[in-house]
file entry_0.txt (compact mmCIF, C-alpha atoms)
# COMPACT_ATOMS: atom_id res chain seq x y z
CA MET A 54 6.66 149.53 152.98
CA ASN A 55 9.02 149.56 155.94
CA TYR A 56 6.46 148.22 158.38
CA LEU A 57 8.64 148.38 161.48
CA GLU A 58 9.61 152.01 160.93
CA ILE A 59 6.05 152.98 160.07
CA HIS A 60 4.72 151.36 163.23
CA LYS A 61 7.42 152.97 165.35
CA ASP A 62 6.41 156.38 163.98
CA CYS A 63 2.64 155.76 164.26
CA LYS A 64 2.30 153.86 167.52
CA GLU A 65 -0.31 155.50 169.76
CA GLU A 66 1.67 155.69 173.00
CA SER A 67 -1.27 156.92 175.09
CA VAL A 68 -2.98 153.51 174.88
CA PHE A 69 -1.09 150.53 176.25
CA GLY A 70 -1.40 147.37 178.32
CA ARG A 71 -4.28 144.92 178.52
CA TYR A 72 -6.88 147.08 180.23
CA VAL A 73 -8.26 149.42 177.56
CA THR A 74 -11.61 151.10 178.20
CA LEU A 75 -13.69 153.75 176.51
CA GLU A 76 -12.24 156.27 178.94
CA HIS A 77 -8.77 155.52 177.55
CA ILE A 78 -9.66 155.85 173.87
CA GLU A 79 -12.45 158.44 173.84
CA PRO A 80 -10.02 161.41 173.60
CA LEU A 81 -8.47 159.77 170.53
CA ILE A 82 -11.87 159.12 168.99
CA LEU A 83 -13.04 162.70 169.52
CA LYS A 84 -9.99 164.07 167.69
CA HIS A 85 -11.79 162.94 164.54
CA LYS A 86 -15.28 163.40 163.17
CA ALA A 87 -16.76 160.66 165.29
CA GLU A 88 -20.39 159.61 165.11
CA ILE A 89 -22.28 157.92 167.93
CA VAL A 90 -24.13 155.06 166.25
CA GLY A 91 -25.70 153.54 169.35
CA LYS A 92 -25.46 152.88 173.06
CA SER A 93 -24.36 149.90 175.10
CA VAL A 94 -26.53 148.12 177.67
CA LEU A 95 -25.29 150.56 180.32
CA GLY A 96 -25.72 153.57 178.07
CA GLU A 97 -22.13 154.07 176.96
CA PRO A 98 -21.70 155.51 173.45
CA ILE A 99 -20.58 153.26 170.61
CA TYR A 100 -18.55 155.36 168.19
CA LYS A 101 -18.00 155.07 164.47
CA LEU A 102 -15.03 156.59 162.67
CA GLN A 103 -14.89 156.88 158.90
CA PHE A 104 -11.88 157.76 156.77
CA GLY A 105 -11.08 157.76 153.06
CA ILE A 106 -12.90 158.28 149.78
CA GLY A 107 -12.09 155.07 147.93
CA LYS A 108 -14.46 152.64 146.26
CA THR A 109 -13.32 149.60 148.28
CA LYS A 110 -15.12 149.73 151.62
CA ILE A 111 -13.59 148.09 154.69
CA LEU A 112 -15.61 147.61 157.89
CA MET A 113 -13.52 147.00 161.02
CA TRP A 114 -14.66 146.42 164.59
CA SER A 115 -12.73 145.66 167.77
CA GLN A 116 -13.41 144.73 171.39
CA MET A 117 -16.59 142.85 170.61
CA HIS A 118 -15.18 140.92 173.56
CA GLY A 119 -14.41 143.48 176.22
CA ASN A 120 -11.22 141.84 177.51
CA GLU A 121 -9.65 141.61 174.04
CA SER A 122 -7.89 144.94 173.62
CA THR A 123 -4.78 144.28 171.51
CA THR A 124 -6.45 144.93 168.19
CA THR A 125 -7.97 148.14 169.55
CA LYS A 126 -4.47 149.41 170.25
CA ALA A 127 -3.36 148.35 166.77
CA LEU A 128 -6.35 150.13 165.24
CA PHE A 129 -5.29 153.44 166.74
CA ASP A 130 -1.76 152.84 165.46
CA PHE A 131 -3.33 152.26 162.05
CA ILE A 132 -5.50 155.38 162.30
CA ASN A 133 -2.34 157.39 163.04
CA PHE A 134 -0.79 155.88 159.93
CA LEU A 135 -3.81 156.92 157.83
CA HIS A 136 -3.19 160.50 158.97
CA SER A 137 0.59 160.43 158.44
CA ARG A 138 0.36 162.15 155.03
CA THR A 139 2.78 159.78 153.38
CA LYS A 140 2.57 158.39 149.88
CA GLU A 141 1.33 155.06 151.25
CA SER A 142 -1.27 156.52 153.61
CA ASN A 143 -2.60 158.88 150.95
CA SER A 144 -2.97 155.96 148.57
CA PHE A 145 -4.97 154.05 151.16
CA LEU A 146 -7.28 157.02 151.75
CA ASP A 147 -7.76 157.51 148.00
CA ASN A 148 -8.58 153.87 147.29
CA PHE A 149 -10.38 152.71 150.43
CA THR A 150 -13.18 153.93 152.65
CA PHE A 151 -12.73 152.71 156.22
CA CYS A 152 -15.61 152.40 158.67
CA ILE A 153 -14.26 151.59 162.13
CA LEU A 154 -16.06 150.70 165.37
CA PRO A 155 -13.06 150.80 167.72
CA MET A 156 -14.93 149.49 170.77
CA LEU A 157 -18.17 147.60 170.19
CA ASN A 158 -18.52 146.45 173.81
CA PRO A 159 -17.57 149.35 176.13
CA ASP A 160 -19.34 147.79 179.13
CA GLY A 161 -17.37 144.56 178.80
CA ALA A 162 -14.18 146.57 178.34
CA LYS A 163 -14.73 148.40 181.62
CA LEU A 164 -15.58 145.18 183.48
CA TYR A 165 -12.78 143.31 181.67
CA THR A 166 -15.14 140.54 180.61
CA ARG A 167 -15.68 138.71 177.35
CA GLU A 168 -19.44 139.28 177.52
CA ASN A 169 -21.47 142.49 177.56
CA ALA A 170 -23.23 143.84 180.67
CA ASN A 171 -26.07 141.32 180.20
CA GLY A 172 -23.60 138.43 180.20
CA ILE A 173 -24.10 137.78 176.47
CA ASP A 174 -21.27 136.86 174.10
CA LEU A 175 -21.87 139.28 171.22
CA ASN A 176 -20.08 136.94 168.85
CA ARG A 177 -22.88 134.40 169.37
CA ASP A 178 -25.67 136.92 168.86
CA ALA A 179 -25.52 137.45 165.10
CA GLN A 180 -28.88 135.79 164.47
CA ASP A 181 -30.89 136.70 167.57
CA LEU A 182 -29.60 140.29 167.65
CA SER A 183 -30.79 140.38 171.24
CA GLN A 184 -28.30 142.99 172.43
CA PRO A 185 -28.03 146.70 171.55
CA GLU A 186 -24.36 146.30 170.63
CA SER A 187 -25.21 143.51 168.17
CA ILE A 188 -27.88 145.68 166.58
CA VAL A 189 -25.39 148.54 166.20
CA LEU A 190 -22.96 146.31 164.33
CA ARG A 191 -25.63 144.88 162.04
CA LYS A 192 -27.09 148.30 161.23
CA THR A 193 -23.62 149.64 160.51
CA PHE A 194 -22.96 146.67 158.24
CA GLU A 195 -26.20 147.17 156.35
CA ALA A 196 -25.78 150.93 155.97
CA PHE A 197 -22.11 150.84 154.97
CA GLN A 198 -22.38 147.82 152.63
CA PRO A 199 -18.72 146.86 152.97
CA ASN A 200 -16.63 145.00 150.43
CA TYR A 201 -14.62 143.42 153.26
CA CYS A 202 -15.14 142.91 157.00
CA TYR A 203 -12.35 142.74 159.58
CA ASN A 204 -13.43 141.07 162.82
CA LEU A 205 -10.71 141.87 165.39
CA HIS A 206 -10.07 139.73 168.49
CA ASP A 207 -7.51 138.41 171.00
CA GLN A 208 -6.81 134.77 171.73
CA ARG A 209 -5.41 133.15 174.86
CA THR A 210 -1.81 132.12 175.46
CA ILE A 211 -2.78 128.44 175.17
CA TYR A 212 -2.67 128.47 171.35
CA GLY A 213 0.26 127.33 169.27
CA ALA A 214 0.83 127.37 165.52
CA GLY A 215 0.38 123.70 164.71
CA GLU A 216 2.70 121.33 166.55
CA SER A 217 5.82 123.41 165.96
CA GLY A 218 6.32 124.43 169.58
CA HIS A 219 5.83 128.06 168.56
CA SER A 220 3.06 130.21 169.99
CA ALA A 221 0.40 131.54 167.64
CA THR A 222 1.21 135.24 167.87
CA VAL A 223 -1.27 136.11 165.14
CA SER A 224 -4.00 133.85 163.78
CA PHE A 225 -6.52 134.30 160.99
CA LEU A 226 -9.69 132.73 159.71
CA ALA A 227 -11.75 133.03 156.58
CA PRO A 228 -14.99 131.89 158.25
CA ALA A 229 -17.17 129.23 156.70
CA PHE A 230 -20.43 130.33 155.12
CA ASN A 231 -22.18 126.95 155.28
CA GLU A 232 -22.13 123.67 157.20
CA ASN A 233 -20.01 121.97 154.52
CA ARG A 234 -17.33 124.65 154.90
CA ASP A 235 -17.22 125.07 151.14
CA SER A 236 -15.04 127.66 149.41
CA ASN A 237 -16.86 130.05 147.13
CA GLU A 238 -15.66 133.27 145.47
CA VAL A 239 -16.45 135.32 148.58
CA ARG A 240 -14.54 133.12 150.99
CA ILE A 241 -11.61 132.79 148.58
CA LYS A 242 -11.25 136.58 148.55
CA ALA A 243 -10.82 136.50 152.32
CA MET A 244 -8.35 133.62 152.02
CA ASN A 245 -6.28 135.55 149.47
CA VAL A 246 -5.88 138.50 151.81
CA ILE A 247 -4.94 136.19 154.68
CA VAL A 248 -2.26 134.53 152.56
CA ALA A 249 -0.82 137.95 151.72
CA MET A 250 -0.73 138.92 155.40
CA ASN A 251 0.84 135.59 156.33
CA ASN A 252 3.53 135.99 153.67
CA THR A 253 4.51 139.31 155.20
CA LEU A 254 4.31 138.17 158.81
CA GLN A 255 6.54 135.16 158.15
CA GLN A 256 9.36 137.65 157.57
CA PHE A 257 8.95 138.90 161.15
CA ILE A 258 7.49 135.99 163.16
CA PRO A 259 8.28 132.81 161.23
CA ASN A 260 6.21 129.79 162.29
CA GLN A 261 4.10 131.94 164.64
CA VAL A 262 1.04 132.46 162.45
CA GLY A 263 -1.97 130.21 162.90
CA ARG A 264 -5.17 129.36 161.05
CA PHE A 265 -8.21 129.32 163.33
CA ASP A 266 -10.76 126.50 163.32
CA ASP A 267 -13.46 127.01 160.68
CA SER A 268 -16.33 125.07 162.24
CA PHE A 269 -19.53 126.72 161.03
CA ASN A 270 -21.80 128.56 163.44
CA LEU A 271 -24.27 131.00 161.92
CA ASN A 272 -24.68 132.64 165.33
CA CYS A 273 -21.13 133.98 164.95
CA VAL A 274 -20.81 137.36 163.28
CA GLY A 275 -18.04 136.34 160.88
CA ASP A 276 -19.94 133.30 159.63
CA THR A 277 -23.08 135.40 159.21
CA PHE A 278 -21.37 138.15 157.22
CA GLN A 279 -19.58 135.57 155.06
CA ASN A 280 -22.97 133.91 154.53
CA LEU A 281 -24.28 137.31 153.43
CA ASN A 282 -21.62 137.32 150.67
CA VAL A 283 -19.14 139.77 152.19
CA PRO A 284 -15.55 138.50 152.49
CA THR A 285 -14.81 138.47 156.22
CA ILE A 286 -11.51 137.99 158.02
CA LEU A 287 -11.12 137.04 161.67
CA PHE A 288 -7.98 138.39 163.33
CA GLU A 289 -6.74 136.82 166.57
CA ALA A 290 -3.97 138.60 168.49
CA GLY A 291 -2.03 136.00 170.47
CA HIS A 292 1.06 135.56 172.61
CA PHE A 293 4.61 136.62 171.86
CA SER A 294 7.36 135.56 174.26
CA ASN A 295 7.12 137.47 177.59
CA ASP A 296 4.65 139.92 176.03
CA TYR A 297 1.72 139.53 178.41
CA GLU A 298 0.78 143.19 177.92
CA ARG A 299 0.56 142.47 174.15
CA GLU A 300 2.64 145.52 173.24
CA ILE A 301 4.71 143.50 170.76
CA THR A 302 1.74 141.62 169.34
CA ARG A 303 -0.02 144.93 168.58
CA LYS A 304 2.87 145.69 166.19
CA TYR A 305 2.27 142.47 164.28
CA ILE A 306 -1.47 143.13 164.09
CA PHE A 307 -0.62 146.55 162.63
CA ILE A 308 1.68 144.90 160.09
CA ALA A 309 -1.08 142.45 159.20
CA LEU A 310 -3.56 145.28 158.66
CA ALA A 311 -1.16 147.33 156.56
CA SER A 312 0.18 144.46 154.46
CA GLY A 313 -3.25 142.99 153.74
CA LEU A 314 -4.58 146.36 152.63
CA LYS A 315 -1.46 146.94 150.54
CA PHE A 316 -2.23 143.66 148.80
CA LEU A 317 -5.82 144.73 148.16
CA ASN A 318 -4.63 148.12 146.96
CA GLU A 319 -2.20 146.68 144.44
CA ASN A 320 -3.94 143.54 143.22
CA ASP A 321 -7.09 142.73 141.35
CA ILE A 322 -8.00 139.58 143.23
CA VAL A 323 -8.55 136.93 140.59
CA ARG A 324 -6.26 134.19 141.87
CA ASN A 325 -7.13 131.32 144.14
CA GLU A 326 -4.92 130.89 147.23
CA ILE A 327 -6.84 128.04 148.91
CA ASP A 328 -3.82 125.73 148.90
CA ASN A 329 -1.54 128.34 150.46
CA TYR A 330 -4.24 129.26 152.97
CA LEU A 331 -4.52 125.65 154.07
CA LYS A 332 -0.73 125.46 154.46
CA ILE A 333 -0.93 127.96 157.33
CA SER A 334 -0.51 125.96 160.53
CA GLN A 335 -3.74 125.08 162.29
CA ASN A 336 -4.28 126.87 165.60
CA LYS A 337 -3.89 124.23 168.27
CA VAL A 338 -4.26 124.22 172.06
CA GLY A 339 -0.77 123.21 173.09
CA PHE A 340 0.65 125.67 175.63
CA TYR A 341 0.61 126.55 179.29
CA ASP A 342 2.27 129.65 180.65
CA PHE A 343 4.59 127.53 182.82
CA VAL A 344 5.56 123.87 182.66
CA TYR A 345 7.64 122.30 185.45
CA LYS A 346 9.43 119.09 184.51
CA ASN A 347 11.00 116.23 186.44
CA VAL A 348 9.55 117.26 189.79
CA LYS A 349 9.81 114.80 192.68
CA ILE A 350 6.79 114.42 194.93
CA ASN A 351 5.99 112.17 197.86
CA TYR A 352 2.48 110.81 197.40
CA ASP A 353 1.16 108.29 199.95
CA ASN A 354 4.77 107.71 201.04
CA ILE A 355 5.75 106.82 197.49
CA GLU A 356 8.24 109.02 195.66
CA LYS A 357 7.55 109.66 192.00
CA ILE A 358 8.59 112.09 189.27
CA ILE A 359 5.88 114.21 187.66
CA ASN A 360 5.43 117.16 185.32
CA PHE A 361 2.84 119.85 185.98
CA ALA A 362 1.78 123.23 184.62
CA SER A 363 0.46 126.57 185.81
CA GLN A 364 -1.49 129.20 183.94
CA PHE A 365 -2.06 132.88 184.48
CA LYS A 366 -5.54 134.01 185.43
CA GLU A 367 -6.20 137.60 184.39
CA VAL A 368 -7.73 139.60 187.24
CA LEU A 369 -8.90 143.22 187.23
CA ASN A 370 -7.61 144.96 190.36
CA ASN A 371 -8.13 148.70 190.89
CA GLY A 372 -8.13 149.54 187.22
CA LYS A 373 -5.22 147.29 186.30
CA VAL A 374 -5.07 143.74 185.01
CA THR A 375 -2.83 141.50 187.09
CA PHE A 376 -1.63 138.03 186.16
CA GLU A 377 -2.08 135.43 188.89
CA ALA A 378 -0.59 131.99 188.26
CA GLU A 379 -2.54 128.92 189.35
CA VAL A 380 -1.81 125.22 188.99
CA ALA A 381 -3.65 124.15 185.85
CA GLN A 382 -2.60 120.57 185.03
CA VAL A 383 -0.79 117.74 186.76
CA ASP A 384 0.85 115.17 184.45
CA ASN A 385 -0.67 114.29 181.04
CA LEU A 386 1.49 116.98 179.45
CA ASP A 387 3.06 114.94 176.66
CA ASN A 388 1.64 117.15 173.90
CA TYR A 389 2.05 120.49 175.64
CA PHE A 390 4.73 123.16 175.71
CA GLY A 391 5.36 125.87 178.26
CA HIS A 392 5.99 129.47 177.36
CA VAL A 393 8.43 129.06 180.24
CA GLU A 394 9.76 125.59 181.07
CA ILE A 395 11.61 124.85 184.31
CA ASP A 396 13.45 121.57 184.79
CA ALA A 397 13.53 120.62 188.48
CA LYS A 398 16.04 117.82 187.73
CA GLY A 399 14.46 115.58 190.36
CA GLU A 400 14.22 118.19 193.11
CA THR A 401 11.33 117.82 195.55
CA TYR A 402 8.15 119.93 195.44
CA THR A 403 7.24 121.66 198.72
CA ASP A 404 4.69 124.35 199.44
CA GLY A 405 4.35 124.21 203.22
CA LYS A 406 0.85 122.72 202.94
CA SER A 407 -0.01 119.61 200.99
CA ASN A 408 3.42 119.39 199.32
CA PHE A 409 1.58 118.31 196.19
CA PRO A 410 0.44 120.61 193.35
CA ILE A 411 -3.32 121.09 193.68
CA LEU A 412 -5.41 122.37 190.77
CA GLU A 413 -6.38 126.07 191.04
CA GLU A 414 -3.99 126.65 193.94
CA LYS A 415 -1.65 129.63 193.60
CA ALA A 416 1.64 128.70 191.97
CA ASN A 417 3.93 129.52 194.90
CA PHE A 418 6.28 126.71 195.95
CA TYR A 419 9.84 125.41 196.11
CA LEU A 420 11.62 122.85 193.98
CA GLY A 421 14.28 121.60 196.32
CA LYS A 422 16.03 124.25 198.40
CA SER A 423 17.40 126.35 195.57
CA ILE A 424 14.47 126.93 193.19
CA LYS A 425 11.79 129.30 194.53
CA ILE A 426 8.65 129.76 192.45
CA VAL A 427 6.51 132.84 193.07
CA ASN A 428 3.45 133.50 190.93
CA GLY A 429 4.59 130.81 188.51
CA SER A 430 8.03 132.28 187.87
CA GLN A 431 11.43 131.27 189.20
CA ILE A 432 12.86 133.88 191.57
CA ARG A 433 16.58 134.26 191.11
call {"tool": "encode", "arguments": {"input": "entry_0.txt", "output": "structure tokens"}}
result
Amino acid sequence: MNYLEIHKDCKEESVFGRYVTLEHIEPLILKHKAEIVGKSVLGEPIYKLQFGIGKTKILMWSQMHGNESTTTKALFDFINFLHSRTKESNSFLDNFTFCILPMLNPDGAKLYTRENANGIDLNRDAQDLSQPESIVLRKTFEAFQPNYCYNLHDQRTIYGAGESGHSATVSFLAPAFNENRDSNEVRIKAMNVIVAMNNTLQQFIPNQVGRFDDSFNLNCVGDTFQNLNVPTILFEAGHFSNDYEREITRKYIFIALASGLKFLNENDIVRNEIDNYLKISQNKVGFYDFVYKNVKINYDNIEKIINFASQFKEVLNNGKVTFEAEVAQVDNLDNYFGHVEIDAKGETYTDGKSNFPILEEKANFYLGKSIKIVNGSQIR
């Protein structure tokens, strides 16, 4: 499959950026035979789409966390592919049945929050099932009886792929099913698909694929479904250089979806890829959006050289997400990288106030007379 060409042809251009709500995707949903399978806390419909006639059943859900929209965009790219009437798409529809909940948390999506309208993280509600959205997902799971589950999320820009200095643009996890984090036949099936996706993605984003932490928590949906003997795969859409709108990352999520399903379509999974799964770099907190090096400050009349970092805070303003840089760390940056690194070369920090970087203050300052920083970035 020529993944780049396929994505170019199938990209859903009407949905873009970080702020994706039900209002944005509902026209796309209603183009198909959509079913309302429940309502959110605030009464918004939760839609189910189903495609294909195959024996292998794949359950996918996105925006369980309302502010994690990249995989939702990739899902609509994938749905366009399923309807492209190509040899590959027809094969997928013949051999798979897809059940898709494109937006599990419409209230959180509108508010641009991780939680639902009751302030509950739905990915910690798999046992209590205290929220209507959680009940919708569980009932869909039980009725559909999937062979595989795809749990689709975003992750923050702070994550790198191991200690390579590369951001984790896409990360995966085959969740644990018990406290010992053992590997049984069910979990190995998920690992095998992840290895296939990683093998493909390495051709496009080498060293930028991560393996998420597998600490066991039965309150998490993925751990619960794995515990219920259904191979489950966590997808995490992360940062690609300068791609804060995640329009490039959506392409790599699409490639992951397509390549993993191609593997399932063409292989009777009997092998064991644990070793190759564990070779995928561990997701590690190791990045800030901006790191400023070799900055001179005057502290208590003593001059010293420091490093410090700033991080974007995502803020919903009038229906658009804006990125507002704030000072996030001063010194103690030995094991951190910056997505952007600026070397002050001993120039002096000034901001017209304290003349010292203060945590949570806006990242607007000068480094000497020639380097002006506005909203974290150097203005040229």
call {"tool": "residues_near_point", "arguments": {"input": "entry_0.txt", "point": "(-34.7, 150.5, 174.6)", "cutoff": "10 Å", "atoms": "only C-alpha atoms", "output": "ChimeraX atom specification"}}
result
/A:92,94,185
call {"tool": "atom_distance", "arguments": {"input": "entry_0.txt", "atom1": "CA of Gly213 in chain A", "atom2": "CA of Thr125 in chain A"}}
result
22.4 Å
call {"tool": "closest_residue", "arguments": {"input": "entry_0.txt", "among": "A:Leu310, A:Leu164, A:Val246, A:Leu281", "to": "Ala127 in chain A", "atoms": "all atoms listed in the file"}}
result
A:Leu310
call {"tool": "closest_residue", "arguments": {"input": "entry_0.txt", "among": "A:Glu88, A:Glu414, A:Asp160, A:Asp328", "to": "Ser363 in chain A", "atoms": "all atoms listed in the file"}}
result
A:Glu414
call {"tool": "residues_around", "arguments": {"input": "entry_0.txt", "residues": "range 390-403 of chain A", "least_positions_apart": "6", "cutoff": "10 Å", "atoms": "all atoms listed in the file", "output": "number ranges by chain"}}
result
A: 210-211, 213, 216-220, 292-295, 338-351, 356-360, 362-364, 409-410, 417-426, 429-431
call {"tool": "closest_residue", "arguments": {"input": "entry_0.txt", "among": "A:Arg433, A:Lys110, A:Lys415, A:Arg209", "to": "Ala196 in chain A", "atoms": "only C-alpha atoms"}}
result
A:Lys110
call {"tool": "residues_around", "arguments": {"input": "entry_0.txt", "residues": "Tyr100 in chain A", "least_positions_apart": "6", "cutoff": "7 Å", "atoms": "all atoms listed in the file", "output": "ChimeraX atom specification"}}
result
/A:87-90,154
call {"tool": "atom_distance", "arguments": {"input": "entry_0.txt", "atom1": "CA of Lys140 in chain A", "atom2": "CA of Lys304 in chain A"}}
result
20.7 Å
call {"tool": "atom_distance", "arguments": {"input": "entry_0.txt", "atom1": "CA of Phe278 in chain A", "atom2": "CA of Met113 in chain A"}}
result
12.4 Å
call {"tool": "residues_around", "arguments": {"input": "entry_0.txt", "residues": "range 228-230 of chain A", "least_positions_apart": "4", "cutoff": "7 Å", "atoms": "only C-alpha atoms", "output": "number ranges by chain"}}
result
A: 234-235, 267-269, 275-276, 279-280, 285
call {"tool": "write_last_selection", "arguments": {"input": "entry_0.txt", "atoms": "C-alpha atoms", "output": "compact mmCIF listing (two decimals), keeping the file's coordinate frame"}}
result
# COMPACT_ATOMS: atom_id res chain seq x y z
CA ARG A 234 -17.33 124.65 154.90
CA ASP A 235 -17.22 125.07 151.14
CA ASP A 267 -13.46 127.01 160.68
CA SER A 268 -16.33 125.07 162.24
CA PHE A 269 -19.53 126.72 161.03
CA GLY A 275 -18.04 136.34 160.88
CA ASP A 276 -19.94 133.30 159.63
CA GLN A 279 -19.58 135.57 155.06
CA ASN A 280 -22.97 133.91 154.53
CA THR A 285 -14.81 138.47 156.22
call {"tool": "residues_near_point", "arguments": {"input": "entry_0.txt", "point": "(-22.3, 153.0, 166.4)", "cutoff": "12 Å", "atoms": "all atoms listed in the file", "output": "MDAnalysis selection string"}}
result
chainID A and resid 87:93 97:103 113:114 152:159 185:194 196:197
call {"tool": "residues_around", "arguments": {"input": "entry_0.txt", "residues": "Phe69 in chain A", "least_positions_apart": "4", "cutoff": "8 Å", "atoms": "all atoms listed in the file", "output": "number ranges by chain"}}
result
A: 73, 126, 298, 300
call {"tool": "closest_residue", "arguments": {"input": "entry_0.txt", "among": "A:Ile132, A:Arg71, A:Leu146, A:Ile106", "to": "Gly119 in chain A", "atoms": "only C-alpha atoms"}}
result
A:Arg71
call {"tool": "closest_residue", "arguments": {"input": "entry_0.txt", "among": "A:Asn272, A:Thr123, A:Gln180, A:Ser312", "to": "Ile59 in chain A", "atoms": "all atoms listed in the file"}}
result
A:Ser312
call {"tool": "residues_around", "arguments": {"input": "entry_0.txt", "residues": "Asn200 in chain A", "least_positions_apart": "2", "cutoff": "8 Å", "atoms": "all atoms listed in the file", "output": "ChimeraX atom specification"}}
result
/A:109-112,198,202,283-284
